[in-house]
Amino acid sequence: MKPFDHNKFVGYICEVTPQYVRMQIPSARLLHSFYFNGEIYFGGSVGSFVVIEGQEYGFLGRIFEQSLPQGERAEITDKNINEKDTMFHPIAKIELLALFDVYKPEVINKTVSRYPSVGAKVYSCSDEQMGMYISKFGIKKGELDAPLAPLGKLTSNDSLCNISLNSLFGRHCAVLGTTGGGKSWTIAKLLELLSLQTSNKCILIDATGEYHNVSESMESIELGTGIYIFDYKNLSIDELYYLLHPSSKTQVPKLMEAIRSLKMVAIDDNSELSLYYKTDNNGSLIKGNIVKSGREKRAFEVFYYKHIVEIEDKFCKFDFNMLASQITNECIWDTDRNNSTLYGGRNDTDVSNCISLISRVNNVMSTSEYNKIFGFRRQSIQDAKDLKDGINEFLESDKSILRLDFSKVSFDYQVREILVNAIGSYLLNEAREGKYKDNPIVVFVDEAHQFLNKSIADEYFSAKPLDSFEQISKEARKYGLFLCIATQMPRDIPLGTLSQMGTFLVHRLINEQDKKAVESAASAANRNILSFLPILGEGEALIVGVDFPMPLIVKINAPMKKPDSRTPKFSKR
């Protein structure tokens with residue numbers, strides 16, 4: 001490959017500044033496109049890529065402005081500017097994008113404190129050369145088997161964008177854009193490329209059900225119908241708080257005591273806690289609730305400290321059906337006034353403070369939506385499968401995509417947000433244990449603004465954040481768990497999550513707050529490039545990222561199987 005060829009000459013550098021360089025074009029005819037060796041070049045037109053000569057390094061740039069010297073503007077006519085010996089000398093501004101070694105032009109680097117000299121020659125950059133540079137983005141030295149994906153073509157020319165999937169997903173990815181910009185097609189294309197080009201697994205959180213047919217190598221699990229549940233015993237105590245939102249001062253202590261007591265019941269195989277169980281008419285023990293009032297403390301405390309590790313783990317391994325009555329049982333005085341070795345009697349003040357919490361527990365128990373998601377009344381959905389087992393079976397199967405269909409999950413009671421957060425927590429815990437270290441997985445979250453940056457408030461308006469995916473964005477990369485979020489409202493995504501995204505595929509954005517959210521999170525997206533966002537066409541996207549030495553505006557290839565994202569149409573009467 002010859003980066004500098006006299007047949008592709010465009011002009012000379014006449015001014016160098018830290019922000020851009022200026023090029024003097026000897027003849028206005030060099031502005032026009034031309035053919036060389038069967039390939040079209042765009043000369044000095046705005047948006048075209050050029051290469052600039054240097055002694056040790058060459059420079060890759062993009063023309064972003066054209067003008068004529070002030071003295072020549074008054075004499076411009078169609079004949080004068082197009083005649084063979086035209087005397088017009090246009091000037092163009094060039095944004096420096098990257099530099100490359102003159103002796104190894106296939107190796108590209110970011111521009112750092114190096115500039116071309118005045119008088120350096122400028123040449124048109126071929127599609128082949130641009131395509132080769134793009135294919136090197138994000139590939140580390142000695143990395144020979146990096147999967148390259150044909151994502152699309154540059155909008156400024158026909159350069160193919162074979163982009164390393166490691167550069168796209170290696171530091172998390174965000175697909176942004178308003179409705180109709182092509183966001184859903186891009187997600188479908190990324191899923192297709194990962195499925196075809198790698199042996200890695202993808203988990204798609206499909207908020208609307210529109211991706212039901214995008215791949216033959218896809219397995220779907222429909223949530224919200226009771227066929228699959230996220231067993232409440234796999235919820236963390238914090239996630240149970242999201243459902244019950246107890247007040248921190250009066251209700252949390254009683255709730256925690258009730259949970260400890262019920263976890264002790266679940267552990268007590270040998271009836272060591274028989275002192276605290278009720279009995280039926282025949283004198284048989286009823287292992288359900290623990291009754292402390294008026295009973296000795298010692299046996300309870302001995303059992304607690306003997307099994308403290310199991311009791312104080314963060315999961316809800318107890319019978320939820322017994323929780324409301326156990327909270328009432330916990331509303332007692334700490335010590336009997338006549339005997340310090342016994343628990344005290346009923347405390348009516350505590351009972352009244354916990355009435356609203358007990359009501360919420362009973363409401364959760366009786367709500368069908370909660371039961372079909374978390375299985376609180378498992379006896380009514382005995383055939384339900386555990387989502388945790390479904391995910392593990394998928395990871396061991398030959399399918400490459402697992403679609404979790406949320407289209408039937410209710411929008412009431414914040415069930416969707418809590419469920420997605422619980423799934424994120426489960427995947428993060430699995431990643432921390434090293435499950436994905438050797439075989440990384442990518443989690444796609446469509447319509448991420450519905451699930452991220454949410455919180456649950458208790459009756460005293462003390463909010464608890466649903467932040468599992470923020471934790472994934474901050475720490476899961478080193479464990480082999482990667483995140484790709486898609487949203488039409490980046491302003492609603494936590495800035496901490498957006499700032500962890502290493503790659504952005506940004507479709508048309510009109511809202512100023514959305515553009516500022518991208519600008520503050522992606523340092524490579526300078527103001528000059530962001531100005532294109534409101535006018536990007538359907539399927540066109542600006543790609544910026546840590547592994548991209550320069551921003552790219554790409555026409556994304558259509559996926560082989562398109563998502564069902566059509567907008568309902570009005571019909572003629």
# chains A, B, ... in the order shown; residues from 1 in each chain; ligands from 1
>>> residues_around(residues="Gln55 (chain A)", least_positions_apart="6", cutoff="10 Å", atoms="only C-alpha atoms", output="PDB file with N, CA and C atoms, in the first residue's frame")
ATOM      1  N   ASP A 101       3.046   5.590  11.108  1.00  0.00           N
ATOM      2  CA  ASP A 101       4.457   5.477  10.773  1.00  0.00           C
ATOM      3  C   ASP A 101       4.601   5.418   9.255  1.00  0.00           C
ATOM      4  N   VAL A 102       5.472   6.284   8.694  1.00  0.00           N
ATOM      5  CA  VAL A 102       5.666   6.320   7.244  1.00  0.00           C
ATOM      6  C   VAL A 102       6.133   4.966   6.723  1.00  0.00           C
ATOM      7  N   PRO A 116       2.008  18.257  11.114  1.00  0.00           N
ATOM      8  CA  PRO A 116       2.737  18.366   9.851  1.00  0.00           C
ATOM      9  C   PRO A 116       3.378  19.742   9.729  1.00  0.00           C
ATOM     10  N   SER A 117       4.315  19.867   8.816  1.00  0.00           N
ATOM     11  CA  SER A 117       4.985  21.149   8.608  1.00  0.00           C
ATOM     12  C   SER A 117       4.340  21.905   7.452  1.00  0.00           C
ATOM     13  N   ALA A 120       3.899  20.741   3.495  1.00  0.00           N
ATOM     14  CA  ALA A 120       3.724  19.301   3.327  1.00  0.00           C
ATOM     15  C   ALA A 120       2.612  19.036   2.314  1.00  0.00           C
TER      16      ALA A 120
END
>>> select_by_dssp(residues="region 345-534 of chain A", states="alpha helix (DSSP H)", output="count of residues only")
78
>>> closest_residue(among="A:Phe532, A:Thr178, A:Met365, A:Lys93", to="Cys14 (chain A)", atoms="only C-alpha atoms")
A:Lys93
>>> closest_residue(among="A:Leu148, A:Phe320, A:Gln197, A:Thr155", to="Ser366 (chain A)", atoms="only C-alpha atoms")
A:Phe320
>>> residues_around(residues="Ser425 (chain A)", least_positions_apart="2", cutoff="12 Å", atoms="only C-alpha atoms", output="PyMOL selection string")
chain A and resi 230+234-239+314-315+388+418-423+427-432+466-473+476+481
>>> residues_around(residues="Tyr228 (chain A)", least_positions_apart="5", cutoff="10 Å", atoms="only C-alpha atoms", output="mmCIF file with N, CA and C atoms, in the first residue's frame")
data_model
loop_
_atom_site.group_PDB
_atom_site.id
_atom_site.type_symbol
_atom_site.label_atom_id
_atom_site.label_comp_id
_atom_site.auth_asym_id
_atom_site.auth_seq_id
_atom_site.Cartn_x
_atom_site.Cartn_y
_atom_site.Cartn_z
ATOM 1 N N ILE A 221 -37.039 -16.756 26.699
ATOM 2 C CA ILE A 221 -37.742 -17.040 27.952
ATOM 3 C C ILE A 221 -38.725 -15.900 28.195
ATOM 4 N N GLU A 222 -40.006 -16.239 28.268
ATOM 5 C CA GLU A 222 -41.039 -15.225 28.475
ATOM 6 C C GLU A 222 -41.290 -15.074 29.969
ATOM 7 N N LEU A 223 -41.164 -13.863 30.443
ATOM 8 C CA LEU A 223 -41.358 -13.574 31.865
ATOM 9 C C LEU A 223 -42.707 -12.914 32.086
ATOM 10 N N LYS A 372 -46.208 -14.236 39.881
ATOM 11 C CA LYS A 372 -45.778 -14.770 38.588
ATOM 12 C C LYS A 372 -44.326 -14.412 38.268
ATOM 13 N N ILE A 373 -43.783 -13.446 38.987
ATOM 14 C CA ILE A 373 -42.390 -13.054 38.768
ATOM 15 C C ILE A 373 -41.469 -13.719 39.785
ATOM 16 N N PHE A 374 -41.854 -13.684 41.056
ATOM 17 C CA PHE A 374 -40.949 -14.126 42.120
ATOM 18 C C PHE A 374 -41.401 -15.411 42.828
ATOM 19 N N GLY A 375 -42.611 -15.896 42.564
ATOM 20 C CA GLY A 375 -43.053 -17.162 43.133
ATOM 21 C C GLY A 375 -43.231 -17.149 44.636
ATOM 22 N N ILE A 381 -48.205 -22.060 41.537
ATOM 23 C CA ILE A 381 -47.536 -22.197 40.230
ATOM 24 C C ILE A 381 -46.447 -23.266 40.369
ATOM 25 N N ASP A 383 -45.538 -25.729 38.594
ATOM 26 C CA ASP A 383 -44.769 -26.122 37.405
ATOM 27 C C ASP A 383 -43.802 -25.046 36.932
ATOM 28 N N ALA A 384 -43.740 -23.929 37.632
ATOM 29 C CA ALA A 384 -42.864 -22.832 37.204
ATOM 30 C C ALA A 384 -41.398 -23.250 37.281
ATOM 31 N N LYS A 385 -40.626 -22.799 36.287
ATOM 32 C CA LYS A 385 -39.193 -23.087 36.244
ATOM 33 C C LYS A 385 -38.429 -21.892 36.793
ATOM 34 N N ASP A 386 -37.267 -22.164 37.349
ATOM 35 C CA ASP A 386 -36.441 -21.105 37.931
ATOM 36 C C ASP A 386 -35.614 -20.450 36.828
ATOM 37 N N LEU A 387 -35.696 -19.116 36.715
ATOM 38 C CA LEU A 387 -34.944 -18.387 35.700
ATOM 39 C C LEU A 387 -33.447 -18.616 35.843
ATOM 40 N N LYS A 388 -32.995 -18.732 37.079
ATOM 41 C CA LYS A 388 -31.574 -19.000 37.322
ATOM 42 C C LYS A 388 -31.149 -20.292 36.628
ATOM 43 N N ASP A 389 -31.981 -21.340 36.714
ATOM 44 C CA ASP A 389 -31.671 -22.594 36.034
ATOM 45 C C ASP A 389 -31.758 -22.432 34.523
ATOM 46 N N GLY A 390 -32.713 -21.614 34.058
ATOM 47 C CA GLY A 390 -32.835 -21.361 32.621
ATOM 48 C C GLY A 390 -31.595 -20.694 32.045
#
>>> residues_around(residues="region 288-299 of chain A", least_positions_apart="3", cutoff="12 Å", atoms="only C-alpha atoms", output="PyMOL selection string")
chain A and resi 257-268+271-280+285+302-306+318-347
>>> residues_around(residues="Ser48 (chain A)", least_positions_apart="4", cutoff="8 Å", atoms="only C-alpha atoms", output="list of chain:residue names")
A:Phe42, A:Gly43, A:Gly44, A:Arg62, A:Ile63, A:Ser124, A:Ser156, A:Asn157
>>> closest_residue(among="A:Lys2, A:Leu552, A:Glu512, A:Asn362", to="Gly47 (chain A)", atoms="only C-alpha atoms")
A:Leu552
>>> select_by_dssp(residues="region 116-291 of chain A", states="strand (DSSP E)", output="PyMOL selection string")
chain A and resi 121-124+148-154+160-164+173-176+201-206+218-222+228-229+278-279+285-286
>>> closest_residue(among="A:Ile139, A:Leu402, A:Leu168, A:Met130", to="Gly545 (chain A)", atoms="only C-alpha atoms")
A:Leu168
>>> atom_distance(atom1="CA of Ala149 (chain A)", atom2="CA of Asn162 (chain A)")
5.0 Å
>>> residues_around(residues="Phe59 (chain A)", least_positions_apart="5", cutoff="9 Å", atoms="only C-alpha atoms", output="PyMOL selection string")
chain A and resi 50-54+96-101+111+115-116
>>> write_last_selection(atoms="N, CA and C atoms", output="JSON list (two decimals), in the first residue's frame")
[["chain", "number", "residue", "atom", "x", "y", "z"],
["A", 50, "VAL", "N", -8.07, 12.57, 3.97],
["A", 50, "VAL", "CA", -6.81, 12.86, 3.28],
["A", 50, "VAL", "C", -5.65, 12.37, 4.15],
["A", 51, "VAL", "N", -4.48, 12.18, 3.49],
["A", 51, "VAL", "CA", -3.25, 11.86, 4.20],
["A", 51, "VAL", "C", -2.23, 12.96, 3.91],
["A", 52, "ILE", "N", -1.44, 13.29, 4.92],
["A", 52, "ILE", "CA", -0.48, 14.39, 4.82],
["A", 52, "ILE", "C", 0.92, 13.84, 5.03],
["A", 53, "GLU", "N", 1.85, 14.24, 4.18],
["A", 53, "GLU", "CA", 3.22, 13.77, 4.29],
["A", 53, "GLU", "C", 3.91, 14.32, 5.53],
["A", 54, "GLY", "N", 4.82, 13.51, 6.09],
["A", 54, "GLY", "CA", 5.69, 13.95, 7.16],
["A", 54, "GLY", "C", 7.01, 13.23, 7.05],
["A", 96, "LEU", "N", -7.13, 17.04, 12.11],
["A", 96, "LEU", "CA", -6.19, 15.93, 12.24],
["A", 96, "LEU", "C", -6.81, 14.85, 13.12],
["A", 97, "LEU", "N", -6.83, 13.63, 12.60],
["A", 97, "LEU", "CA", -7.47, 12.52, 13.29],
["A", 97, "LEU", "C", -6.48, 11.57, 13.94],
["A", 98, "ALA", "N", -5.43, 11.24, 13.22],
["A", 98, "ALA", "CA", -4.48, 10.24, 13.71],
["A", 98, "ALA", "C", -3.19, 10.36, 12.93],
["A", 99, "LEU", "N", -2.16, 9.68, 13.41],
["A", 99, "LEU", "CA", -0.89, 9.64, 12.67],
["A", 99, "LEU", "C", -0.46, 8.19, 12.50],
["A", 100, "PHE", "N", 0.41, 7.95, 11.51],
["A", 100, "PHE", "CA", 0.89, 6.61, 11.24],
["A", 100, "PHE", "C", 2.36, 6.67, 10.86],
["A", 101, "ASP", "N", 3.05, 5.59, 11.11],
["A", 101, "ASP", "CA", 4.46, 5.48, 10.77],
["A", 101, "ASP", "C", 4.60, 5.42, 9.25],
["A", 111, "THR", "N", -3.24, 11.20, 17.51],
["A", 111, "THR", "CA", -2.36, 12.35, 17.36],
["A", 111, "THR", "C", -2.01, 12.91, 18.73],
["A", 115, "TYR", "N", 2.64, 17.49, 14.58],
["A", 115, "TYR", "CA", 1.90, 18.19, 13.55],
["A", 115, "TYR", "C", 2.70, 18.18, 12.26],
["A", 116, "PRO", "N", 2.01, 18.26, 11.11],
["A", 116, "PRO", "CA", 2.74, 18.37, 9.85],
["A", 116, "PRO", "C", 3.38, 19.74, 9.73]]
>>> closest_residue(among="A:Ile355, A:Lys233, A:Leu495, A:Pro568", to="Tyr426 (chain A)", atoms="only C-alpha atoms")
A:Lys233
>>> atom_distance(atom1="CA of Gly61 (chain A)", atom2="CA of Asp547 (chain A)")
17.5 Å
>>> atom_distance(atom1="CA of Gly11 (chain A)", atom2="CA of Glu128 (chain A)")
21.1 Å
>>> closest_residue(among="A:Thr198, A:Asn392, A:Ser410, A:Ser247", to="Leu357 (chain A)", atoms="only C-alpha atoms")
A:Ser247
